[in-house]
$ cat entry.cif   # mmCIF, C-alpha atoms
data_entry
loop_
_atom_site.group_PDB
_atom_site.id
_atom_site.type_symbol
_atom_site.label_atom_id
_atom_site.label_comp_id
_atom_site.auth_asym_id
_atom_site.auth_seq_id
_atom_site.Cartn_x
_atom_site.Cartn_y
_atom_site.Cartn_z
ATOM 1 C CA MET G 100 -7.974 2.152 1.092
ATOM 2 C CA SER G 101 -11.748 2.259 0.836
ATOM 3 C CA ALA G 102 -14.361 2.527 -1.886
ATOM 4 C CA ARG G 103 -14.263 6.295 -1.358
ATOM 5 C CA GLY G 104 -10.527 6.847 -1.633
ATOM 6 C CA PHE G 105 -6.966 5.940 -0.773
ATOM 7 C CA PRO G 106 -3.698 7.491 0.445
ATOM 8 C CA VAL G 107 -0.424 7.469 -1.505
ATOM 9 C CA THR G 108 3.029 8.024 -0.003
ATOM 10 C CA THR G 109 5.885 8.828 -2.369
ATOM 11 C CA THR G 110 9.573 8.828 -1.495
ATOM 12 C CA VAL G 111 12.273 10.046 -3.851
ATOM 13 C CA ALA G 112 15.953 9.551 -2.987
ATOM 14 C CA ASP G 113 16.800 11.300 0.292
ATOM 15 C CA LEU G 114 13.824 13.672 0.264
ATOM 16 C CA PRO G 115 11.134 13.466 2.967
ATOM 17 C CA PRO G 116 8.056 11.387 1.983
ATOM 18 C CA THR G 117 5.196 13.166 0.222
ATOM 19 C CA ARG G 118 1.651 12.103 1.080
ATOM 20 C CA ALA G 119 -1.470 12.631 -1.012
ATOM 21 C CA THR G 120 -5.075 11.560 -0.653
ATOM 22 C CA PHE G 121 -7.144 10.509 -3.639
ATOM 23 C CA LYS G 122 -10.949 10.444 -3.642
ATOM 24 C CA CYS G 123 -13.138 8.265 -5.827
ATOM 25 C CA GLY G 124 -16.406 9.567 -7.255
ATOM 26 C CA PRO G 125 -18.696 9.377 -10.268
ATOM 27 C CA SER G 126 -16.404 11.636 -12.326
ATOM 28 C CA GLY G 127 -13.337 9.496 -11.555
ATOM 29 C CA VAL G 128 -10.379 9.720 -9.206
ATOM 30 C CA ILE G 129 -9.473 13.182 -7.926
ATOM 31 C CA SER G 130 -6.406 14.014 -5.862
ATOM 32 C CA SER G 131 -6.637 16.275 -2.843
ATOM 33 C CA PRO G 132 -3.820 18.699 -3.611
ATOM 34 C CA SER G 133 -1.309 19.605 -0.963
ATOM 35 C CA ILE G 134 2.005 21.402 -1.014
ATOM 36 C CA SER G 135 4.618 20.665 1.630
ATOM 37 C CA ASN G 136 7.193 23.390 1.176
ATOM 38 C CA PRO G 137 8.217 25.262 4.327
ATOM 39 C CA ALA G 138 9.309 28.289 2.244
ATOM 40 C CA MET G 139 5.818 28.669 0.734
ATOM 41 C CA LYS G 140 2.609 29.728 2.464
ATOM 42 C CA VAL G 141 -0.355 28.502 0.416
ATOM 43 C CA THR G 142 -3.355 30.831 0.552
ATOM 44 C CA SER G 143 -5.537 28.908 -1.930
ATOM 45 C CA ILE G 144 -5.199 25.625 -3.782
ATOM 46 C CA LYS G 145 -7.776 23.974 -6.016
ATOM 47 C CA GLN G 146 -7.782 20.807 -8.133
ATOM 48 C CA THR G 147 -9.419 21.050 -11.565
ATOM 49 C CA GLY G 148 -10.514 18.222 -13.828
ATOM 50 C CA VAL G 149 -9.864 14.632 -12.762
ATOM 51 C CA THR G 150 -6.687 12.740 -11.971
ATOM 52 C CA GLN G 151 -8.108 9.676 -13.716
ATOM 53 C CA PRO G 152 -11.510 9.231 -15.391
ATOM 54 C CA PRO G 153 -13.818 6.366 -14.317
ATOM 55 C CA THR G 154 -13.302 4.447 -17.564
ATOM 56 C CA LEU G 155 -9.914 4.112 -19.200
ATOM 57 C CA ARG G 156 -9.144 2.541 -22.567
ATOM 58 C CA VAL G 157 -6.939 3.351 -25.544
ATOM 59 C CA GLY G 158 -8.138 6.656 -26.990
ATOM 60 C CA THR G 159 -9.492 8.114 -23.715
ATOM 61 C CA THR G 160 -8.489 11.754 -23.164
ATOM 62 C CA TRP G 161 -8.888 13.862 -20.024
ATOM 63 C CA ASN G 162 -7.595 16.964 -18.279
ATOM 64 C CA SER G 163 -6.349 17.641 -14.793
ATOM 65 C CA GLY G 164 -4.923 20.722 -13.212
ATOM 66 C CA LEU G 165 -4.123 22.829 -10.218
ATOM 67 C CA LEU G 166 -4.739 26.465 -9.374
ATOM 68 C CA LEU G 167 -2.462 27.793 -6.635
ATOM 69 C CA TYR G 168 -2.086 31.128 -4.862
ATOM 70 C CA ALA G 169 0.717 31.469 -2.317
ATOM 71 C CA THR G 170 3.434 33.673 -0.917
ATOM 72 C CA SER G 171 7.089 32.730 -0.946
ATOM 73 C CA GLN G 172 9.809 34.898 0.554
ATOM 74 C CA GLY G 173 7.314 37.776 0.719
ATOM 75 C CA GLN G 174 6.357 37.507 -2.958
ATOM 76 C CA LYS G 175 2.912 36.635 -4.321
ATOM 77 C CA VAL G 176 2.909 33.463 -6.411
ATOM 78 C CA HIS G 177 0.151 32.390 -8.816
ATOM 79 C CA ASN G 178 0.489 29.024 -10.536
ATOM 80 C CA GLU G 179 -1.986 27.549 -12.980
ATOM 81 C CA THR G 180 -0.974 24.078 -14.121
ATOM 82 C CA SER G 181 -3.002 22.080 -16.646
ATOM 83 C CA ILE G 182 -2.264 18.566 -17.837
ATOM 84 C CA ALA G 183 -3.784 17.095 -21.015
ATOM 85 C CA MET G 184 -3.606 13.286 -20.973
ATOM 86 C CA LYS G 185 -4.335 10.552 -23.492
ATOM 87 C CA ALA G 186 -4.288 6.763 -23.224
ATOM 88 C CA VAL G 187 -2.329 5.820 -26.344
ATOM 89 C CA ALA G 188 -1.669 2.043 -26.128
ATOM 90 C CA ALA G 189 -2.058 -1.150 -24.157
ATOM 91 C CA GLU G 190 1.347 -2.744 -23.651
ATOM 92 C CA ARG G 191 3.633 -4.607 -21.266
ATOM 93 C CA VAL G 192 5.967 -2.573 -19.095
ATOM 94 C CA THR G 193 8.811 -3.835 -16.942
ATOM 95 C CA THR G 194 9.781 -2.165 -13.671
ATOM 96 C CA ARG G 195 11.883 -3.173 -10.671
ATOM 97 C CA LEU G 196 8.634 -4.463 -9.135
ATOM 98 C CA GLY G 197 7.871 -6.763 -12.089
ATOM 99 C CA THR G 198 6.339 -6.905 -15.565
ATOM 100 C CA PHE G 199 2.747 -5.733 -16.020
ATOM 101 C CA GLN G 200 0.097 -5.373 -18.700
ATOM 102 C CA ALA G 201 -0.491 -1.629 -18.640
ATOM 103 C CA LEU G 202 -2.176 1.292 -20.315
ATOM 104 C CA LYS G 203 0.382 3.747 -21.724
ATOM 105 C CA VAL G 204 -0.616 7.374 -21.092
ATOM 106 C CA THR G 205 1.044 10.480 -22.505
ATOM 107 C CA ALA G 206 0.725 13.838 -20.788
ATOM 108 C CA ARG G 207 1.526 17.393 -21.800
ATOM 109 C CA THR G 208 1.810 19.842 -18.920
ATOM 110 C CA THR G 209 1.265 23.565 -19.358
ATOM 111 C CA ILE G 210 2.395 25.832 -16.522
ATOM 112 C CA ARG G 211 1.439 29.487 -16.301
ATOM 113 C CA MET G 212 3.092 31.123 -13.349
ATOM 114 C CA SER G 213 3.587 34.643 -12.113
ATOM 115 C CA VAL G 214 5.543 36.097 -9.219
ATOM 116 C CA ASN G 215 4.331 39.499 -8.017
ATOM 117 C CA GLY G 216 2.340 39.784 -11.246
ATOM 118 C CA GLN G 217 5.312 39.151 -13.533
ATOM 119 C CA ALA G 218 4.912 36.157 -15.853
ATOM 120 C CA MET G 219 7.523 33.438 -15.535
ATOM 121 C CA ASN G 220 7.743 31.469 -18.785
ATOM 122 C CA GLN G 221 7.729 27.716 -18.238
ATOM 123 C CA PRO G 222 8.362 24.984 -20.834
ATOM 124 C CA ALA G 223 5.514 22.554 -21.556
ATOM 125 C CA PRO G 224 7.058 19.221 -20.569
ATOM 126 C CA GLN G 225 5.756 15.915 -21.885
ATOM 127 C CA SER G 226 5.771 12.668 -19.956
ATOM 128 C CA THR G 227 4.713 9.064 -20.399
ATOM 129 C CA SER G 228 3.240 6.867 -17.677
ATOM 130 C CA TRP G 229 2.036 3.280 -17.469
ATOM 131 C CA LEU G 230 -1.126 2.544 -15.470
ATOM 132 C CA VAL G 231 -1.927 -0.932 -14.162
ATOM 133 C CA LYS G 232 -5.469 -1.886 -13.205
ATOM 134 C CA ASP G 233 -6.001 -1.943 -9.415
ATOM 135 C CA MET G 234 -2.496 -0.505 -8.828
ATOM 136 C CA GLY G 235 -2.226 2.841 -10.606
ATOM 137 C CA VAL G 236 0.962 4.295 -12.056
ATOM 138 C CA VAL G 237 3.868 1.809 -12.019
ATOM 139 C CA LYS G 238 6.301 3.841 -14.120
ATOM 140 C CA SER G 239 6.652 7.406 -15.393
ATOM 141 C CA VAL G 240 9.244 8.809 -17.776
ATOM 142 C CA LEU G 241 9.653 12.541 -17.182
ATOM 143 C CA PRO G 242 11.930 15.111 -18.827
ATOM 144 C CA ASN G 243 14.341 14.906 -15.882
ATOM 145 C CA GLY G 244 14.247 11.173 -15.121
ATOM 146 C CA THR G 245 12.222 8.033 -14.546
ATOM 147 C CA ILE G 246 10.049 7.146 -11.542
ATOM 148 C CA GLU G 247 9.084 3.543 -10.794
ATOM 149 C CA LEU G 248 6.800 1.991 -8.212
ATOM 150 C CA VAL G 249 8.976 -0.128 -5.901
ATOM 151 C CA SER G 250 6.374 -1.378 -3.400
ATOM 152 C CA PHE G 251 2.615 -1.783 -3.289
ATOM 153 C CA LYS G 252 0.447 -2.652 -0.269
#
$ encode --input "entry.cif" --output "structure tokens"
Amino acid sequence: MSARGFPVTTTVADLPPTRATFKCGPSGVISSPSISNPAMKVTSIKQTGVTQPPTLRVGTTWNSGLLLYATSQGQKVHNETSIAMKAVAAERVTTRLGTFQALKVTARTTIRMSVNGQAMNQPAPQSTSWLVKDMGVVKSVLPNGTIELVSFK
């Protein structure tokens, strides 16, 4: 970790770890997108918006997204993901790592995807996350489950 950025490694169940790099700048924290899927060859990937703005408090809203062009099994894939986020409350949250004073953030994700030019309709899932100062996200409730931070170095 440095003043300019930090790495994050995520492990979920028996899946291989996923690594991401986040950069800090005047507009906030921005992730360096990467896709690690051997079945997909990424031809272009671009982050839009910010992962987290420089100042967060209840009422703050921001947008983040990803624009991806790739090929998978010989088919052209275009994915445009946008996430609208809002800090909705300051509250305590309990995880396996402990209890924290956190900022509760809701997110609505919109996914527009096409394969070989044919639109693939995607639902717009909503999620809730809790951010802790100097740690980041400690818990997220997603449509298909809950993710919790279990270690922090």
$ residues_around --input "entry.cif" --residues "Met234 (chain G)" --least-positions-apart "5" --cutoff "10 Å" --atoms "only C-alpha atoms" --output "compact mmCIF listing (two decimals) with C-alpha atoms, keeping the file's coordinate frame"
# COMPACT_ATOMS: atom_id res chain seq x y z
CA LEU G 248 6.80 1.99 -8.21
CA PHE G 251 2.62 -1.78 -3.29
CA LYS G 252 0.45 -2.65 -0.27
$ residues_around --input "entry.cif" --residues "Arg207 (chain G)" --least-positions-apart "3" --cutoff "7 Å" --atoms "all atoms listed in the file" --output "JSON, numbers by chain"
{"G": [182, 183, 184, 223, 224, 225, 226]}
$ residues_near_point --input "entry.cif" --point "(7.7, -3.1, -14.3)" --cutoff "10 Å" --atoms "only C-alpha atoms" --output "PDB file with C-alpha atoms, in the frame of the given file"
ATOM      1  CA  ARG G 191       3.633  -4.607 -21.266  1.00  0.00           C
ATOM      2  CA  VAL G 192       5.967  -2.573 -19.095  1.00  0.00           C
ATOM      3  CA  THR G 193       8.811  -3.835 -16.942  1.00  0.00           C
ATOM      4  CA  THR G 194       9.781  -2.165 -13.671  1.00  0.00           C
ATOM      5  CA  ARG G 195      11.883  -3.173 -10.671  1.00  0.00           C
ATOM      6  CA  LEU G 196       8.634  -4.463  -9.135  1.00  0.00           C
ATOM      7  CA  GLY G 197       7.871  -6.763 -12.089  1.00  0.00           C
ATOM      8  CA  THR G 198       6.339  -6.905 -15.565  1.00  0.00           C
ATOM      9  CA  PHE G 199       2.747  -5.733 -16.020  1.00  0.00           C
ATOM     10  CA  GLN G 200       0.097  -5.373 -18.700  1.00  0.00           C
ATOM     11  CA  ALA G 201      -0.491  -1.629 -18.640  1.00  0.00           C
ATOM     12  CA  TRP G 229       2.036   3.280 -17.469  1.00  0.00           C
ATOM     13  CA  VAL G 231      -1.927  -0.932 -14.162  1.00  0.00           C
ATOM     14  CA  VAL G 237       3.868   1.809 -12.019  1.00  0.00           C
ATOM     15  CA  LYS G 238       6.301   3.841 -14.120  1.00  0.00           C
ATOM     16  CA  GLU G 247       9.084   3.543 -10.794  1.00  0.00           C
ATOM     17  CA  LEU G 248       6.800   1.991  -8.212  1.00  0.00           C
ATOM     18  CA  VAL G 249       8.976  -0.128  -5.901  1.00  0.00           C
TER      19      VAL G 249
END
$ atom_distance --input "entry.cif" --atom1 "CA of Leu241 (chain G)" --atom2 "CA of Gly216 (chain G)"
28.8 Å
$ resolve_selection --input "entry.cif" --expression "the PyMOL selection byres ((chain G and resi 171-181) around 8)" --output "JSON, numbers by chain"
{"G": [138, 139, 140, 162, 163, 164, 165, 166, 167, 168, 169, 170, 182, 183, 208, 209, 210, 211, 212, 213, 214, 215, 216]}
$ atom_distance --input "entry.cif" --atom1 "CA of Val187 (chain G)" --atom2 "CA of Thr227 (chain G)"
9.8 Å
$ atom_distance --input "entry.cif" --atom1 "CA of Thr150 (chain G)" --atom2 "CA of Ser130 (chain G)"
6.2 Å
$ decode --input "entry.cif" --residues "region 202-229 of chain G" --atoms "N, CA and C atoms" --output "CSV table (one decimal), in the first residue's frame"
chain,number,residue,atom,x,y,z
G,202,LEU,N,-20.2,3.1,6.8
G,202,LEU,CA,-21.0,3.9,5.9
G,202,LEU,C,-21.8,2.8,5.0
G,203,LYS,N,-23.1,2.8,5.1
G,203,LYS,CA,-23.9,1.9,4.3
G,203,LYS,C,-24.1,2.5,2.9
G,204,VAL,N,-23.8,1.7,1.9
G,204,VAL,CA,-23.8,2.2,0.5
G,204,VAL,C,-24.7,1.2,-0.3
G,205,THR,N,-25.7,1.7,-1.0
G,205,THR,CA,-26.5,0.9,-1.9
G,205,THR,C,-26.0,1.1,-3.4
G,206,ALA,N,-26.1,0.1,-4.2
G,206,ALA,CA,-25.7,0.2,-5.5
G,206,ALA,C,-26.7,-0.5,-6.5
G,207,ARG,N,-26.9,0.1,-7.6
G,207,ARG,CA,-27.8,-0.5,-8.6
G,207,ARG,C,-26.9,-0.7,-9.9
G,208,THR,N,-26.8,-1.9,-10.3
G,208,THR,CA,-25.9,-2.2,-11.5
G,208,THR,C,-26.8,-2.4,-12.7
G,209,THR,N,-26.4,-1.8,-13.8
G,209,THR,CA,-27.0,-1.9,-15.1
G,209,THR,C,-26.0,-2.6,-16.0
G,210,ILE,N,-26.4,-3.7,-16.7
G,210,ILE,CA,-25.5,-4.4,-17.6
G,210,ILE,C,-26.1,-4.4,-18.9
G,211,ARG,N,-25.4,-3.9,-19.9
G,211,ARG,CA,-25.9,-4.0,-21.3
G,211,ARG,C,-24.8,-4.8,-22.0
G,212,MET,N,-25.2,-5.9,-22.5
G,212,MET,CA,-24.3,-6.9,-23.1
G,212,MET,C,-24.8,-7.4,-24.4
G,213,SER,N,-23.9,-7.6,-25.4
G,213,SER,CA,-24.2,-8.2,-26.6
G,213,SER,C,-23.2,-9.2,-27.0
G,214,VAL,N,-23.6,-10.3,-27.7
G,214,VAL,CA,-22.8,-11.3,-28.2
G,214,VAL,C,-23.0,-11.4,-29.7
G,215,ASN,N,-22.0,-11.2,-30.5
G,215,ASN,CA,-22.1,-11.1,-31.9
G,215,ASN,C,-23.2,-10.1,-32.4
G,216,GLY,N,-23.3,-9.0,-31.6
G,216,GLY,CA,-24.3,-8.0,-32.0
G,216,GLY,C,-25.7,-8.2,-31.5
G,217,GLN,N,-25.9,-9.3,-30.9
G,217,GLN,CA,-27.3,-9.6,-30.4
G,217,GLN,C,-27.3,-9.3,-28.9
G,218,ALA,N,-28.3,-8.4,-28.5
G,218,ALA,CA,-28.4,-8.0,-27.1
G,218,ALA,C,-28.8,-9.1,-26.2
G,219,MET,N,-28.2,-9.2,-25.1
G,219,MET,CA,-28.5,-10.2,-24.1
G,219,MET,C,-29.1,-9.4,-22.9
G,220,ASN,N,-30.4,-9.5,-22.6
G,220,ASN,CA,-31.0,-8.8,-21.5
G,220,ASN,C,-30.4,-9.3,-20.2
G,221,GLN,N,-30.1,-8.3,-19.4
G,221,GLN,CA,-29.6,-8.6,-18.0
G,221,GLN,C,-30.4,-7.9,-17.0
G,222,PRO,N,-30.7,-8.6,-15.9
G,222,PRO,CA,-31.4,-7.8,-14.8
G,222,PRO,C,-30.5,-6.8,-14.2
G,223,ALA,N,-31.1,-5.8,-13.5
G,223,ALA,CA,-30.4,-4.7,-12.9
G,223,ALA,C,-30.3,-5.0,-11.4
G,224,PRO,N,-29.3,-5.8,-11.0
G,224,PRO,CA,-29.3,-6.2,-9.5
G,224,PRO,C,-28.9,-5.0,-8.6
G,225,GLN,N,-29.4,-5.1,-7.4
G,225,GLN,CA,-29.1,-4.1,-6.4
G,225,GLN,C,-28.3,-4.8,-5.3
G,226,SER,N,-27.4,-4.1,-4.7
G,226,SER,CA,-26.6,-4.6,-3.6
G,226,SER,C,-26.4,-3.6,-2.5
G,227,THR,N,-26.0,-4.0,-1.4
G,227,THR,CA,-25.7,-3.1,-0.2
G,227,THR,C,-24.3,-3.5,0.3
G,228,SER,N,-23.5,-2.5,0.5
G,228,SER,CA,-22.2,-2.7,1.1
G,228,SER,C,-22.0,-1.8,2.3
G,229,TRP,N,-21.0,-2.2,3.1
G,229,TRP,CA,-20.6,-1.3,4.3
G,229,TRP,C,-19.2,-1.0,4.2
